[in-house]
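Chemist: Let me begin by handing over the structure; questions about it come next.
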Amino acid sequence: MERAASISDVMRMRMEGEVAGLCRATWSENHDAAVYATAMLGSAVRTPEVVRTLHLCLKRGDEPLPGLHWHALASLGRLRVERAVPLLLRTLAESDHNRRQLDKVACEALLAIGGPEVVRGLVDLCERLPSGRGYWTVRVLDALAALRASQAVTPLLATLWGYLPDLAVRVVRTLGAIGDPRAASALLVLAHSPALDTHLRRAAVEALHALPAVGWPPPHRHPAVERLLHTPQRDPDPDTARLATALLARTEDGRAHLWEVLRGAAEQGGPDCPPHAVAAVCAHIAAEPGLFAVPDHREHHALLAHLLRAAAAPAVRRAAAGALAASAGAGAAGALVAALDDAHIGDTVADLVAALPESVLSELVDQFTRPGGSVARRRGVARVLGLAGRTDAAPVLLSALADDTTPVGVRASAAGALGALRHAAAAPLLAALARDEEQPGTLRAHAVRALGSIGVPDTLPVVLACTRSPHEAVRRRAVVALGAFPVSEAARALETFVTPGAEPDLACAAVQALRKFGGPALPVLVRLAADADGLPEDVGHRLVEALAAHPGAEATGALLGLATAPPPDPRDESTYAISGERRLSRSTPAREVASLALVERGSARDLTPLTALLGPDTWFGAHEPAVQALLRIGTEEAYEHVLAFCSGTKHFDTWHVGALDAVAAARGIRLGS
């Protein structure tokens, strides 16, 4: 009987549609060839011969043959062989004890087949979950969740308390994914219990949140559903409090309770509620103001205004400002403008005020110039004027900026507002302040930033000089500002900040600025790419992104150099970072990110970027996307590269089979009749 002697024989049979040959090849003495043939049979027409061959593969040897059993199970799943369900269930069950490590592929095959028998078999395994091994348990629960097996709800609930505390979180998440309302009562009890682990309580609330909103609230005799959510709404975990707030907001009684939460927070000596829980209520009102609307809104608006004015926690005041602006609109103007005096939340309030109607903003110029106004108020007003585009306010802002007797904070905000307005007439004064080392660093930093926003070419020398300032804030703002001056001189200056020993924040800012330049930055980016692996991880990411934004061959060449660079030698001490007494291996993100960036650059005329990614020493994570890109190109040359790669790969996987199937389909080759 002729059997394939090599992988190339198997590849030929697949691409010629020889099903019988592949069946024989599963018995090849060349183990790799047998594995490849077994994997390829999952793409064949489902015939008795193919199914029988796959079953025979599973009976060979008491111990699993590396790859052969795995791919036989995967192929049965891809063919959706319903007769294989008992075998797959038995394999899954046995893998809990004998560590055959076939539980993953058995689960995937069962999910591919689906149907009532699969669901019943997985449900029958529920009683073994509390005593099962960790990975096996996760596989079964994830499979039940993926199938949304409502039949599993009752057995899972029946044994839920036996999972406490270790496995309960996973079971609760499974119940949430299934989405059956019958689980709601148990989930509510878990969410309500203050004695439970924080993670479990959050998982219970997340699962409740995943239940269909149409049937909310779920039936629960006593106490009321809303009552059971009071505890998680006050939970120390902010995410739990936020989700419980969203659940309470679904019903009228729940919303009434949320207003009570705000009333309690407003009363001195009221019920103890964490600030983040109060802020969560305000945030939900801001997100859905119509849901909380009532015919007589005066009390509610007054309550939010009180919290904005008097709440002890800045987070609550900040959230109350958003809720008041969303629910009261222009009616919130007075309270919001007054809150500009609050230095802790001034920027947030200014952003809200800037979105108010023009009639409100017209009064703010007077507030900026009014004698006796607080520094915080004037800073906030300046920010509003800039954000709102009030060019008529430029003269008063410029006057304040030029006045040395004006508080520094006000002058800095005036500089920021003039930059936001792109007021070119302010550039000379801003430049003078930026280069004056006698001025406070905060003011100089804001002046440099404004120069970058305005972008008057004559101010470039000042910005370049500020990149060498000993003041950190001035230096960082100057690097960012250089992005507004896309000339070679600025690009060369930015290059000096992107070195292995540079400050990571400054290096990232420099690369981001270079990305804005377009063509003038390309030579600099190409030079920097030569040492990209020595750069901090975030800087390497941004450098690759900047190169990827250039479509030409020069940028492609630089990306190719990064992607095909040899991986670092693990024996090289420079590839490790020291933490305490341990060595932590550094990643090489530039190589990996460059590989993924190249996937988007191949074309039918030039396959070089894609084929280079399939070389023997390239990053394995780029292989599949590169192959998929070649398949999208769809030329015969591209297909030949795919076939050559698949025939030479050392680790054959299901996506390789899919690639071969795509080539065969394009060529009209059917695997079986």
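Scheme for the structure tokens: letters A, B, ... for chains in order shown; per-chain residue numbers from 1; ligand numbers from 1 in order shown.
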For A:Leu110, please output as number ranges by chain all residues within 7 Å (counting only C-alpha atoms; exclusion window: fewer than 6 positions along the same chain).

Modeler: A: 77, 85, 88, 118

Chemist: Can you list, as a PyMOL selection string, all residues belonging to stretch 6-205 of chain A that DSSP tags as alpha helix (DSSP H)?

Modeler: chain A and resi 7-16+19-25+31-40+48-58+68-78+85-98+103-113+116-124+134-146+153-158+160-163+168-178+184-192+198-205

Chemist: Keeping C-alpha atoms for every residue in the selection just given, could you write it to a file as a short mmCIF file (atom, residue, chain, number, x, y, z; two decimals), in the first residue's frame?

Modeler:
data_model
loop_
_atom_site.label_atom_id
_atom_site.label_comp_id
_atom_site.auth_asym_id
_atom_site.auth_seq_id
_atom_site.Cartn_x
_atom_site.Cartn_y
_atom_site.Cartn_z
CA ILE A 7 5.36 16.29 3.87
CA SER A 8 5.78 17.32 0.23
CA ASP A 9 3.92 14.15 -0.80
CA VAL A 10 1.06 15.05 1.55
CA MET A 11 0.97 18.61 0.21
CA ARG A 12 0.80 17.30 -3.36
CA MET A 13 -2.07 14.97 -2.48
CA ARG A 14 -3.98 17.80 -0.80
CA MET A 15 -3.56 20.15 -3.70
CA GLU A 16 -4.61 17.42 -6.16
CA VAL A 19 -8.60 11.87 -0.40
CA ALA A 20 -7.67 8.19 -0.57
CA GLY A 21 -3.99 9.09 -0.63
CA LEU A 22 -4.38 11.28 2.46
CA CYS A 23 -6.19 8.47 4.27
CA ARG A 24 -3.27 6.15 3.54
CA ALA A 25 -0.79 8.86 4.51
CA HIS A 31 5.22 11.00 11.74
CA ASP A 32 5.05 14.63 10.53
CA ALA A 33 3.57 13.51 7.23
CA ALA A 34 0.95 11.45 9.08
CA VAL A 35 0.02 14.43 11.26
CA TYR A 36 -0.29 16.76 8.26
CA ALA A 37 -2.50 14.27 6.43
CA THR A 38 -4.74 13.85 9.48
CA ALA A 39 -5.16 17.61 9.79
CA MET A 40 -6.01 17.96 6.09
CA PRO A 48 -17.43 6.97 5.71
CA GLU A 49 -13.85 6.34 4.64
CA VAL A 50 -12.64 9.70 5.99
CA VAL A 51 -14.53 9.33 9.29
CA ARG A 52 -13.29 5.76 9.73
CA THR A 53 -9.70 6.84 9.08
CA LEU A 54 -9.91 9.56 11.73
CA HIS A 55 -11.38 7.11 14.26
CA LEU A 56 -8.54 4.70 13.55
CA CYS A 57 -6.02 7.47 14.17
CA LEU A 58 -7.41 7.81 17.69
CA LEU A 68 -1.87 12.86 15.55
CA HIS A 69 -4.63 12.40 18.14
CA TRP A 70 -4.99 16.16 18.52
CA HIS A 71 -5.54 16.75 14.79
CA ALA A 72 -7.81 13.70 14.48
CA LEU A 73 -10.12 15.19 17.11
CA ALA A 74 -9.92 18.62 15.47
CA SER A 75 -10.77 17.15 12.05
CA LEU A 76 -13.79 15.28 13.45
CA GLY A 77 -15.00 18.59 14.84
CA ARG A 78 -14.42 20.49 11.61
CA VAL A 85 -19.80 13.19 20.02
CA PRO A 86 -19.66 10.26 22.52
CA LEU A 87 -15.97 9.77 21.73
CA LEU A 88 -15.25 13.48 22.18
CA LEU A 89 -17.16 13.61 25.46
CA ARG A 90 -15.30 10.55 26.70
CA THR A 91 -11.99 12.10 25.69
CA LEU A 92 -12.89 15.28 27.52
CA ALA A 93 -13.96 13.39 30.64
CA GLU A 94 -10.88 11.16 30.68
CA SER A 95 -8.53 14.11 30.22
CA ASP A 96 -9.48 15.23 33.73
CA HIS A 97 -7.62 12.23 35.15
CA ASN A 98 -4.93 11.05 32.77
CA ASP A 103 -9.39 18.68 26.69
CA LYS A 104 -8.94 21.88 24.69
CA VAL A 105 -9.28 20.34 21.23
CA ALA A 106 -12.07 18.02 22.41
CA CYS A 107 -14.03 21.03 23.69
CA GLU A 108 -13.45 22.96 20.47
CA ALA A 109 -14.64 19.99 18.41
CA LEU A 110 -17.77 19.63 20.55
CA LEU A 111 -18.54 23.32 20.13
CA ALA A 112 -18.09 23.03 16.35
CA ILE A 113 -20.56 20.12 16.21
CA PRO A 116 -28.59 18.66 21.98
CA GLU A 117 -26.33 15.63 22.50
CA VAL A 118 -23.32 17.86 23.06
CA VAL A 119 -25.22 20.02 25.52
CA ARG A 120 -26.51 16.99 27.44
CA GLY A 121 -23.04 15.51 27.62
CA LEU A 122 -21.48 18.70 28.95
CA VAL A 123 -24.31 19.17 31.46
CA ASP A 124 -23.69 15.63 32.73
CA GLY A 134 -8.45 23.70 37.08
CA TYR A 135 -7.94 23.77 33.33
CA TRP A 136 -10.41 20.96 32.72
CA THR A 137 -13.05 22.75 34.79
CA VAL A 138 -12.50 25.98 32.87
CA ARG A 139 -12.87 24.19 29.52
CA VAL A 140 -16.22 22.65 30.47
CA LEU A 141 -17.62 25.86 31.92
CA ASP A 142 -16.46 27.91 28.94
CA ALA A 143 -18.06 25.39 26.57
CA LEU A 144 -21.38 25.63 28.44
CA ALA A 145 -21.14 29.41 28.28
CA ALA A 146 -20.36 29.41 24.55
CA VAL A 153 -28.44 26.37 34.83
CA THR A 154 -30.16 23.99 37.25
CA PRO A 155 -27.16 21.70 37.89
CA LEU A 156 -24.83 24.66 38.17
CA LEU A 157 -27.12 26.34 40.68
CA ALA A 158 -27.57 23.09 42.60
CA LEU A 160 -22.93 26.45 43.21
CA TRP A 161 -22.31 26.56 46.96
CA GLY A 162 -19.93 23.64 46.63
CA TYR A 163 -17.72 25.80 44.41
CA ALA A 168 -17.42 30.17 42.21
CA VAL A 169 -16.30 33.18 40.16
CA ARG A 170 -15.95 31.06 37.02
CA VAL A 171 -19.34 29.40 37.60
CA VAL A 172 -21.00 32.77 38.12
CA ARG A 173 -19.49 34.10 34.90
CA THR A 174 -20.79 31.04 33.08
CA LEU A 175 -24.29 31.66 34.42
CA GLY A 176 -24.06 35.26 33.24
CA ALA A 177 -22.94 34.17 29.76
CA ILE A 178 -25.82 31.69 29.51
CA ALA A 184 -30.99 35.74 38.87
CA SER A 185 -32.09 34.92 42.42
CA ALA A 186 -28.86 33.12 43.29
CA LEU A 187 -26.81 35.88 41.69
CA LEU A 188 -28.72 38.51 43.67
CA VAL A 189 -28.02 36.67 46.92
CA LEU A 190 -24.31 36.51 46.06
CA ALA A 191 -24.28 40.19 45.13
CA HIS A 192 -26.05 41.12 48.37
CA THR A 198 -14.97 41.13 46.48
CA HIS A 199 -14.18 39.40 43.18
CA LEU A 200 -17.12 37.01 43.57
CA ARG A 201 -19.52 39.83 44.40
CA ARG A 202 -18.37 41.76 41.35
CA ALA A 203 -18.73 38.65 39.17
CA ALA A 204 -22.30 38.22 40.45
CA VAL A 205 -23.18 41.82 39.59
#

Chemist: Using atom CA of A:Pro238 and atom CA of A:Ala279 as the two end points, give the distance in Å to one decimal.

Modeler: 9.6 Å

Chemist: Can you tell me, as an NGL selection string, what residues are no more than 9 Å from A:Glu288 when counting only C-alpha atoms, ignoring any on the same chain fewer than 4 positions away?

Modeler: :A and (283-284 or 292 or 326-327)

Chemist: Which residues are close to stretch 484-500 of chain A, i.e. within 6 Å by only C-alpha atoms, leaving aside same-chain residues fewer than 6 positions away? Reply as a PyMOL selection string.

Modeler: chain A and resi 452+455+507+510+517+520-521+534-535

Chemist: Check the smallest atom-to-atom distance from each of A:Thr405, A:Gln439, A:Gln512, A:Thr391 to A:Ala420 using only C-alpha atoms, then report the winner.

Modeler: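 Nearest to A:Ala420: A:Thr391.
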